[in-house]
$ cat start_18.csv   # CSV, C-alpha atoms and all ligand atoms
chain,number,residue,atom,x,y,z
H,253,MET,CA,-11.0,13.6,-12.8
H,254,ALA,CA,-12.8,10.9,-10.8
H,255,ASP,CA,-13.5,11.5,-7.2
H,256,ARG,CA,-10.9,9.3,-5.5
H,257,LEU,CA,-10.8,9.4,-1.7
H,258,PRO,CA,-7.2,9.9,-0.6
H,259,LEU,CA,-5.7,7.1,1.4
H,260,ILE,CA,-2.8,7.3,3.8
H,261,ALA,CA,-1.4,4.0,5.0
H,262,ALA,CA,1.1,3.2,7.7
H,263,ASN,CA,3.3,0.2,7.1
H,264,TRP,CA,4.9,-0.5,10.5
H,265,LYS,CA,7.0,-3.4,9.2
H,266,MET,CA,8.7,-5.4,12.0
H,267,ASN,CA,8.1,-2.7,14.6
H,268,PHE,CA,5.9,-2.3,17.7
H,269,THR,CA,4.8,-4.7,20.4
H,270,ILE,CA,1.1,-4.8,21.4
H,271,GLU,CA,1.7,-2.1,24.0
H,272,GLU,CA,3.6,0.2,21.6
H,273,SER,CA,0.9,-0.2,19.0
H,274,LEU,CA,-1.9,0.8,21.4
H,275,LYS,CA,0.1,3.8,22.6
H,276,PHE,CA,0.5,4.9,19.0
H,277,ILE,CA,-3.2,4.6,18.3
H,278,THR,CA,-4.0,6.7,21.4
H,279,ALA,CA,-1.5,9.3,20.4
H,280,LEU,CA,-2.7,9.4,16.8
H,281,THR,CA,-6.4,9.8,17.7
H,282,HIS,CA,-5.3,12.6,20.1
H,283,GLU,CA,-3.4,14.3,17.3
H,284,LEU,CA,-6.1,14.0,14.7
H,285,LYS,CA,-9.3,15.6,16.1
H,286,ALA,CA,-10.7,16.0,12.6
H,287,ALA,CA,-8.8,14.2,9.8
H,288,GLY,CA,-10.8,15.6,6.9
H,289,ASN,CA,-11.7,13.7,3.7
H,290,VAL,CA,-9.2,10.9,3.9
H,291,GLU,CA,-9.0,7.2,4.6
H,292,ILE,CA,-6.5,6.0,7.1
H,293,VAL,CA,-5.1,2.5,7.1
H,294,ILE,CA,-2.7,1.0,9.7
H,295,ALA,CA,-0.6,-2.2,9.0
H,296,PRO,CA,0.8,-3.5,12.3
H,297,PRO,CA,2.9,-6.7,12.6
H,298,PHE,CA,0.8,-9.9,12.8
H,299,THR,CA,1.2,-10.2,16.6
H,300,ALA,CA,-0.4,-6.8,17.2
H,301,LEU,CA,-3.2,-7.1,14.6
H,302,TYR,CA,-5.9,-8.2,16.9
H,303,SER,CA,-5.3,-5.7,19.8
H,304,THR,CA,-4.8,-2.8,17.3
H,305,GLY,CA,-8.0,-3.8,15.5
H,306,VAL,CA,-9.9,-3.7,18.7
H,307,ALA,CA,-8.5,-0.2,19.4
H,308,LEU,CA,-9.3,0.9,15.9
H,309,SER,CA,-12.9,-0.2,16.1
H,310,GLU,CA,-13.5,3.0,18.1
H,311,THR,CA,-12.0,5.1,15.3
H,312,PRO,CA,-12.6,5.6,11.6
H,313,PHE,CA,-9.2,4.0,10.8
H,314,LYS,CA,-8.9,0.7,9.0
H,315,LEU,CA,-6.7,-2.3,9.7
H,316,ALA,CA,-4.3,-4.0,7.2
H,317,ALA,CA,-2.0,-7.0,7.3
H,318,GLN,CA,1.5,-6.7,5.8
H,319,ASN,CA,1.4,-10.0,4.1
H,320,MET,CA,-0.5,-13.3,3.9
H,321,PHE,CA,-0.1,-16.8,2.4
H,322,TRP,CA,-2.3,-18.0,-0.5
H,323,GLU,CA,-3.3,-21.5,0.9
H,324,GLU,CA,-6.4,-21.8,3.1
H,325,SER,CA,-5.0,-24.1,5.8
H,326,GLY,CA,-2.8,-27.0,6.5
H,327,ALA,CA,0.9,-27.9,6.8
H,328,PHE,CA,2.5,-24.5,6.1
H,329,THR,CA,4.5,-23.9,9.3
H,330,GLY,CA,4.8,-20.2,10.1
H,331,GLU,CA,2.3,-19.0,7.5
H,332,ILE,CA,-0.9,-16.9,8.0
H,333,SER,CA,-4.0,-17.3,5.8
H,334,GLY,CA,-6.4,-14.8,4.4
H,335,ALA,CA,-9.1,-16.2,6.7
H,336,PHE,CA,-6.9,-15.6,9.7
H,337,ILE,CA,-6.3,-11.9,8.9
H,338,LYS,CA,-9.9,-11.4,8.1
H,339,ASP,CA,-10.8,-13.0,11.5
H,340,VAL,CA,-8.8,-10.4,13.3
H,341,GLY,CA,-10.5,-7.5,11.5
H,342,CYS,CA,-8.3,-6.7,8.5
H,343,GLU,CA,-9.9,-5.1,5.5
H,344,TYR,CA,-6.7,-4.6,3.6
H,345,VAL,CA,-3.5,-6.6,2.9
H,346,ILE,CA,-0.2,-5.3,1.6
H,347,LEU,CA,1.1,-7.7,-1.1
H,348,GLY,CA,4.3,-7.8,-3.1
H,349,HIS,CA,6.2,-5.3,-0.9
H,350,SER,CA,9.8,-5.1,-2.2
H,351,GLU,CA,11.1,-6.4,1.1
H,352,ARG,CA,9.1,-9.5,0.6
H,353,ARG,CA,10.3,-9.8,-3.0
H,354,GLN,CA,14.0,-9.1,-2.1
H,355,ILE,CA,14.5,-10.6,1.3
H,356,PHE,CA,12.0,-13.5,1.1
H,357,GLY,CA,12.3,-14.3,-2.6
H,358,GLU,CA,8.7,-13.7,-3.5
H,359,SER,CA,8.2,-13.8,-7.3
H,360,ASN,CA,5.5,-12.2,-9.4
H,361,GLU,CA,3.8,-15.6,-9.7
H,362,MET,CA,3.7,-16.0,-5.9
H,363,ILE,CA,2.3,-12.5,-5.5
H,364,ALA,CA,-0.3,-13.3,-8.2
H,365,LYS,CA,-1.5,-16.3,-6.0
H,366,LYS,CA,-1.6,-14.1,-3.0
H,367,VAL,CA,-3.7,-11.5,-4.9
H,368,GLN,CA,-6.2,-14.2,-5.9
H,369,ALA,CA,-6.4,-15.5,-2.3
H,370,ALA,CA,-6.9,-11.9,-0.9
H,371,ILE,CA,-9.8,-11.4,-3.3
H,372,ARG,CA,-11.4,-14.8,-2.3
H,373,HIS,CA,-11.4,-13.5,1.2
H,374,ASN,CA,-12.8,-10.1,0.4
H,375,LEU,CA,-9.6,-8.3,1.4
H,376,VAL,CA,-8.5,-5.3,-0.5
H,377,PRO,CA,-5.0,-5.9,-1.8
H,378,ILE,CA,-2.5,-3.0,-1.7
H,379,LEU,CA,-0.3,-4.3,-4.4
H,380,CYS,CA,3.2,-2.9,-4.3
H,381,ILE,CA,5.3,-2.6,-7.5
H,382,GLY,CA,8.5,-0.7,-8.3
H,383,GLU,CA,11.9,-0.8,-9.9
H,384,THR,CA,15.4,-1.0,-8.4
H,385,LEU,CA,18.0,1.7,-8.9
H,386,ALA,CA,19.9,-0.4,-11.5
H,387,GLU,CA,16.6,-1.0,-13.4
H,388,ARG,CA,15.8,2.8,-13.4
H,389,GLU,CA,19.3,3.6,-14.6
H,390,ALA,CA,19.0,1.0,-17.4
H,391,ARG,CA,15.7,2.8,-18.3
H,392,LYS,CA,13.7,-0.3,-17.5
H,393,THR,CA,11.3,1.3,-15.0
H,394,TRP,CA,8.1,0.9,-16.9
H,395,ASN,CA,9.1,-2.6,-18.3
H,396,ILE,CA,9.5,-3.8,-14.7
H,397,CYS,CA,6.4,-2.2,-13.4
H,398,GLU,CA,4.3,-3.4,-16.3
H,399,ASN,CA,5.6,-6.9,-15.9
H,400,GLN,CA,4.8,-6.9,-12.2
H,401,LEU,CA,1.3,-5.6,-12.9
H,402,LYS,CA,0.7,-8.1,-15.7
H,403,THR,CA,1.7,-11.1,-13.7
H,404,ALA,CA,0.0,-10.1,-10.4
H,405,LEU,CA,-3.3,-9.3,-12.2
H,406,SER,CA,-3.2,-12.0,-14.8
H,407,SER,CA,-6.3,-13.8,-13.7
H,408,ILE,CA,-8.2,-11.0,-12.1
H,409,GLN,CA,-11.6,-10.1,-13.3
H,410,LEU,CA,-12.7,-6.5,-13.9
H,411,LYS,CA,-15.1,-6.6,-10.9
H,412,ALA,CA,-12.2,-7.4,-8.5
H,413,ILE,CA,-10.1,-4.5,-9.8
H,414,GLU,CA,-12.8,-2.1,-8.7
H,415,ASN,CA,-11.6,-2.8,-5.1
H,416,PHE,CA,-7.9,-2.6,-5.7
H,417,ILE,CA,-5.1,-0.4,-4.5
H,418,ILE,CA,-1.8,-0.2,-6.3
H,419,ALA,CA,1.3,1.3,-4.5
H,420,TYR,CA,4.2,2.5,-6.7
H,421,GLU,CA,7.2,2.1,-4.4
H,422,PRO,CA,10.5,2.5,-6.2
H,423,VAL,CA,13.0,0.2,-4.4
H,424,TRP,CA,15.7,2.9,-4.4
H,425,ALA,CA,13.4,5.2,-2.4
H,426,ILE,CA,12.4,2.8,0.3
H,427,GLY,CA,14.0,3.6,3.7
H,428,THR,CA,16.8,5.5,1.9
H,429,GLY,CA,15.6,9.1,2.6
H,430,ARG,CA,15.6,9.5,-1.2
H,431,GLN,CA,12.0,10.2,-2.2
H,432,ALA,CA,11.1,10.1,-5.8
H,433,THR,CA,10.4,13.6,-7.2
H,434,PRO,CA,6.7,14.5,-7.6
H,435,GLU,CA,7.3,14.4,-11.4
H,436,GLN,CA,8.9,10.9,-11.3
H,437,ALA,CA,6.0,9.6,-9.2
H,438,GLN,CA,3.3,11.3,-11.4
H,439,GLU,CA,4.9,9.9,-14.6
H,440,ILE,CA,4.7,6.3,-13.4
H,441,HIS,CA,1.3,6.7,-11.7
H,442,HIS,CA,-0.1,8.0,-14.9
H,443,MET,CA,1.4,5.1,-16.8
H,444,ILE,CA,-0.2,2.6,-14.3
H,445,ARG,CA,-3.6,4.3,-14.7
H,446,ASN,CA,-3.3,4.1,-18.5
H,447,TRP,CA,-2.3,0.4,-18.3
H,448,ILE,CA,-5.3,-0.3,-16.1
H,449,SER,CA,-7.5,1.6,-18.6
H,450,LYS,CA,-6.2,-0.4,-21.5
H,451,THR,CA,-6.2,-3.8,-19.8
H,452,PHE,CA,-9.5,-3.4,-17.9
H,453,ASP,CA,-11.5,-0.3,-18.6
H,454,GLY,CA,-11.3,3.5,-18.5
H,455,ALA,CA,-13.9,4.1,-15.8
H,456,THR,CA,-12.3,1.6,-13.5
H,457,ALA,CA,-8.9,3.2,-14.1
H,458,GLN,CA,-10.3,6.5,-13.1
H,459,ARG,CA,-11.6,5.1,-9.8
H,460,LEU,CA,-8.5,3.1,-8.9
H,461,ARG,CA,-6.4,4.6,-6.2
H,462,ILE,CA,-2.6,4.6,-6.7
H,463,LEU,CA,-0.4,5.3,-3.7
H,464,TYR,CA,3.2,6.4,-3.7
H,465,GLY,CA,5.6,4.9,-1.2
H,466,GLY,CA,9.3,5.5,-0.5
H,467,SER,CA,10.8,7.9,2.1
H,468,VAL,CA,7.6,9.9,2.5
H,469,LYS,CA,8.0,12.4,5.3
H,470,ALA,CA,5.8,15.2,6.6
H,471,LYS,CA,8.0,17.8,5.0
H,472,THR,CA,7.7,16.3,1.5
H,473,SER,CA,4.2,14.7,1.5
H,474,ARG,CA,2.1,17.7,0.5
H,475,GLU,CA,3.9,18.2,-2.9
H,476,ILE,CA,3.7,14.5,-3.8
H,477,LEU,CA,0.1,14.3,-2.8
H,478,SER,CA,-0.9,17.2,-5.0
H,479,GLN,CA,0.1,15.3,-8.2
H,480,PRO,CA,-3.0,14.5,-10.2
H,481,ASP,CA,-2.5,10.7,-10.3
H,482,VAL,CA,-1.2,10.3,-6.7
H,483,ASP,CA,-4.1,9.3,-4.5
H,484,GLY,CA,-2.3,8.7,-1.3
H,485,VAL,CA,0.9,7.5,0.3
H,486,LEU,CA,2.2,4.3,1.9
H,487,VAL,CA,4.5,5.3,4.7
H,488,GLY,CA,7.1,3.2,6.4
H,489,GLY,CA,9.7,4.9,8.7
H,490,ALA,CA,7.7,8.1,9.2
H,491,SER,CA,4.6,6.2,10.2
H,492,LEU,CA,6.3,5.1,13.5
H,493,ASP,CA,5.9,8.6,14.9
H,494,PRO,CA,2.2,9.5,15.5
H,495,VAL,CA,3.0,13.3,15.4
H,496,GLU,CA,4.7,13.0,12.0
H,497,PHE,CA,2.2,10.5,10.7
H,498,ALA,CA,-0.7,12.9,11.7
H,499,GLU,CA,1.1,15.7,9.9
H,500,ILE,CA,1.3,13.6,6.7
H,501,ILE,CA,-2.5,13.0,7.0
H,502,ARG,CA,-3.1,16.7,7.4
H,503,SER,CA,-1.0,17.4,4.3
H,504,VAL,CA,-3.6,15.8,2.0
H,505,PRO,CA,-4.9,18.5,-0.2
H,506,GLN,CA,-8.6,19.0,0.5
H,507,LYS,CA,-10.3,19.4,-2.8
T,601,LIG,P1,9.7,4.1,4.0
T,601,LIG,O1,9.0,2.7,3.6
T,601,LIG,O2,8.7,5.2,4.1
T,601,LIG,O3,10.4,3.9,5.3
T,601,LIG,O4,10.7,4.4,2.8
T,601,LIG,C1,7.9,2.7,2.7
T,601,LIG,C2,7.5,1.3,2.5
T,601,LIG,O5,8.3,0.4,2.5
T,601,LIG,O6,6.3,1.0,2.3
$ encode --input "start_18.csv" --output "structure tokens" --more "lines below"
Ligand code: PGA
Amino acid sequence: MADRLPLIAANWKMNFTIEESLKFITALTHELKAAGNVEIVIAPPFTALYSTGVALSETPFKLAAQNMFWEESGAFTGEISGAFIKDVGCEYVILGHSERRQIFGESNEMIAKKVQAAIRHNLVPILCIGETLAEREARKTWNICENQLKTALSSIQLKAIENFIIAYEPVWAIGTGRQATPEQAQEIHHMIRNWISKTFDGATAQRLRILYGGSVKAKTSREILSQPDVDGVLVGGASLDPVEFAEIIRSVPQK
């Protein structure tokens, strides 16, 4: 198996003022004297990106935005460009989160444009895919995931995929307390890696990091993180507590 550096990402969603974000970073650095062999990414809301980025510059942690728009500039009231999030120090951007898809009507085609814009700005996309409960029950899980991958990555070159992160986040597991079983996650992660191998190439697929997201808690993270194709987790609710988030980071199996 390729040597993939585990990645633990915090998606704070619409939580934390500047002051609360800074308090969290102080508490997390205090909790984590030595994090081990793991990459840590924090995604605050837009308004706290700059100040959190300044605080993170003293740490090995990286900064991510939770979304971005695909256009460069102009009359797009309320939108934030790739250049803007790069300007405040982001290295990563979460794209296609199910809340964006479901609440804000983002389609696979819109997400594809965002993926292309992120790559133009040298941002690493954390592309979220996943099925709803009805789709899982109708045995359409893989169809849905494949379709999301196919459209989002339709005009992406092999070189850009080298720097990609995919997050499998079943919609029924997000914020519900109902985490996918380690076996369910492993099955889809394995299928994603096979699809990347078939569509791009085998070596790239082996290097690609695939995260699991959906109700990850400190109590359950170790088991899911020990699956062979699970390279990290994207954490929502449990990332708002620095003590619990530090515990999730410490649960990464050190190989
Ligand atoms: P959750 O959210 O951990 O609160 O389920 C995960 C996510 O939406 O990325």
$ axis_aligned_box --input "start_18.csv" --around "ligand LIG 601 (chain T)" --padding-each-side "4 Å" --output "lines of an AutoDock Vina configuration file"
center_x = 8.5
center_y = 2.8
center_z = 3.8
size_x = 12.4
size_y = 12.8
size_z = 11.0
$ closest_atom_pairs --input "start_18.csv" --of "chain H" --to "ligand LIG 601 (chain T)" --cutoff "10 Å" --atoms "only C-alpha atoms and all ligand atoms" --output "CSV"
residue,atom,partner,partner_atom,distance
H:Ala261,CA,T:LIG601,O6,8.7
H:Ala262,CA,T:LIG601,O6,7.8
H:Asn263,CA,T:LIG601,O6,5.7
H:Trp264,CA,T:LIG601,O6,8.5
H:Lys265,CA,T:LIG601,O5,7.8
H:Gln318,CA,T:LIG601,O6,9.7
H:Ile346,CA,T:LIG601,O6,9.1
H:His349,CA,T:LIG601,O5,7.0
H:Ser350,CA,T:LIG601,O5,7.4
H:Glu351,CA,T:LIG601,O5,7.5
H:Cys380,CA,T:LIG601,O6,8.3
H:Ala419,CA,T:LIG601,O6,8.4
H:Tyr420,CA,T:LIG601,O6,9.4
H:Glu421,CA,T:LIG601,O6,6.8
H:Pro422,CA,T:LIG601,O4,9.2
H:Val423,CA,T:LIG601,O5,8.4
H:Trp424,CA,T:LIG601,O4,8.9
H:Ala425,CA,T:LIG601,O4,5.9
H:Ile426,CA,T:LIG601,O4,3.4
H:Gly427,CA,T:LIG601,O4,3.5
H:Thr428,CA,T:LIG601,O4,6.3
H:Gly429,CA,T:LIG601,O4,6.8
H:Arg430,CA,T:LIG601,O4,8.1
H:Gln431,CA,T:LIG601,O4,7.8
H:Leu463,CA,T:LIG601,O6,10.0
H:Tyr464,CA,T:LIG601,O6,8.6
H:Gly465,CA,T:LIG601,C1,5.0
H:Gly466,CA,T:LIG601,O4,3.7
H:Ser467,CA,T:LIG601,O4,3.6
H:Val468,CA,T:LIG601,O2,5.1
H:Lys469,CA,T:LIG601,O2,7.3
H:Val485,CA,T:LIG601,O6,8.7
H:Leu486,CA,T:LIG601,O6,5.3
H:Val487,CA,T:LIG601,O2,4.2
H:Gly488,CA,T:LIG601,O1,3.4
H:Gly489,CA,T:LIG601,O3,3.6
H:Ala490,CA,T:LIG601,O2,6.0
H:Ser491,CA,T:LIG601,O2,7.4
H:Leu492,CA,T:LIG601,O3,9.2
$ residues_around --input "start_18.csv" --residues "Glu475 in chain H" --least-positions-apart "6" --cutoff "12 Å" --atoms "only C-alpha atoms" --output "list of chain:residue names"
H:Gln431, H:Ala432, H:Thr433, H:Pro434, H:Glu435, H:Ala437, H:Gln438, H:Tyr464, H:Val468, H:Lys469, H:Val482, H:Gly484, H:Val485, H:Ile500, H:Ser503, H:Val504, H:Pro505
$ residues_near_point --input "start_18.csv" --point "(-4.6, -16.0, 3.5)" --cutoff "6 Å" --atoms "all atoms listed in the file" --output "ChimeraX atom specification"
/H:320-322,332-335
$ write_last_selection --input "start_18.csv" --atoms "C-alpha atoms" --output "PDB file, in the coordinates of the input"
ATOM      1  CA  MET H 320      -0.500 -13.300   3.900  1.00  0.00           C
ATOM      2  CA  PHE H 321      -0.100 -16.800   2.400  1.00  0.00           C
ATOM      3  CA  TRP H 322      -2.300 -18.000  -0.500  1.00  0.00           C
ATOM      4  CA  ILE H 332      -0.900 -16.900   8.000  1.00  0.00           C
ATOM      5  CA  SER H 333      -4.000 -17.300   5.800  1.00  0.00           C
ATOM      6  CA  GLY H 334      -6.400 -14.800   4.400  1.00  0.00           C
ATOM      7  CA  ALA H 335      -9.100 -16.200   6.700  1.00  0.00           C
TER       8      ALA H 335
END
$ closest_residue --input "start_18.csv" --among "H:Asp255, H:Glu398, H:Glu271, H:Glu291" --to "Arg502 in chain H" --atoms "all atoms listed in the file"
H:Glu291
$ closest_residue --input "start_18.csv" --among "H:Lys285, H:Glu387, H:Val345, H:Ile337" --to "Thr311 in chain H" --atoms "only C-alpha atoms"
H:Lys285
$ atom_distance --input "start_18.csv" --atom1 "CA of Glu272 in chain H" --atom2 "CA of Phe298 in chain H"
13.7 Å
$ closest_residue --input "start_18.csv" --among "H:Ala279, H:Ile413, H:Leu315, H:Leu301" --to "Glu496 in chain H" --atoms "only C-alpha atoms"
H:Ala279
$ closest_residue --input "start_18.csv" --among "H:Arg459, H:Lys450, H:Lys392, H:His442" --to "Gln479 in chain H" --atoms "only C-alpha atoms"
H:His442
$ closest_residue --input "start_18.csv" --among "H:Phe276, H:Phe313, H:Phe268, H:Phe328" --to "Cys342 in chain H" --atoms "all atoms listed in the file"
H:Phe313
$ atom_distance --input "start_18.csv" --atom1 "CA of Arg445 in chain H" --atom2 "CA of Arg461 in chain H"
9.0 Å
$ residues_near_point --input "start_18.csv" --point "(-9.3, 7.3, -7.9)" --cutoff "10 Å" --atoms "only C-alpha atoms" --output "list in words"
Met253, Ala254, Asp255, Arg256, Leu257, Pro258, Leu259, Ile417, Arg445, Ala455, Thr456, Ala457, Gln458, Arg459, Leu460, Arg461, Ile462, Pro480, Asp481, Val482, Asp483 and Gly484 of chain H
$ write_last_selection --input "start_18.csv" --atoms "C-alpha atoms" --output "PDB file, keeping the file's coordinate frame"
ATOM      1  CA  MET H 253     -11.000  13.600 -12.800  1.00  0.00           C
ATOM      2  CA  ALA H 254     -12.800  10.900 -10.800  1.00  0.00           C
ATOM      3  CA  ASP H 255     -13.500  11.500  -7.200  1.00  0.00           C
ATOM      4  CA  ARG H 256     -10.900   9.300  -5.500  1.00  0.00           C
ATOM      5  CA  LEU H 257     -10.800   9.400  -1.700  1.00  0.00           C
ATOM      6  CA  PRO H 258      -7.200   9.900  -0.600  1.00  0.00           C
ATOM      7  CA  LEU H 259      -5.700   7.100   1.400  1.00  0.00           C
ATOM      8  CA  ILE H 417      -5.100  -0.400  -4.500  1.00  0.00           C
ATOM      9  CA  ARG H 445      -3.600   4.300 -14.700  1.00  0.00           C
ATOM     10  CA  ALA H 455     -13.900   4.100 -15.800  1.00  0.00           C
ATOM     11  CA  THR H 456     -12.300   1.600 -13.500  1.00  0.00           C
ATOM     12  CA  ALA H 457      -8.900   3.200 -14.100  1.00  0.00           C
ATOM     13  CA  GLN H 458     -10.300   6.500 -13.100  1.00  0.00           C
ATOM     14  CA  ARG H 459     -11.600   5.100  -9.800  1.00  0.00           C
ATOM     15  CA  LEU H 460      -8.500   3.100  -8.900  1.00  0.00           C
ATOM     16  CA  ARG H 461      -6.400   4.600  -6.200  1.00  0.00           C
ATOM     17  CA  ILE H 462      -2.600   4.600  -6.700  1.00  0.00           C
ATOM     18  CA  PRO H 480      -3.000  14.500 -10.200  1.00  0.00           C
ATOM     19  CA  ASP H 481      -2.500  10.700 -10.300  1.00  0.00           C
ATOM     20  CA  VAL H 482      -1.200  10.300  -6.700  1.00  0.00           C
ATOM     21  CA  ASP H 483      -4.100   9.300  -4.500  1.00  0.00           C
ATOM     22  CA  GLY H 484      -2.300   8.700  -1.300  1.00  0.00           C
TER      23      GLY H 484
END
$ closest_residue --input "start_18.csv" --among "H:Glu323, H:Ala404, H:Gly341, H:Val376" --to "Ser359 in chain H" --atoms "only C-alpha atoms"
H:Ala404
$ residues_around --input "start_18.csv" --residues "Gln400 in chain H" --least-positions-apart "2" --cutoff "12 Å" --atoms "all atoms listed in the file" --output "ChimeraX atom specification"
/H:347-350,353,358-364,379-383,393-398,402-406,418-420,444,447
$ atom_distance --input "start_18.csv" --atom1 "CA of Pro494 in chain H" --atom2 "CA of Ile277 in chain H"
7.8 Å
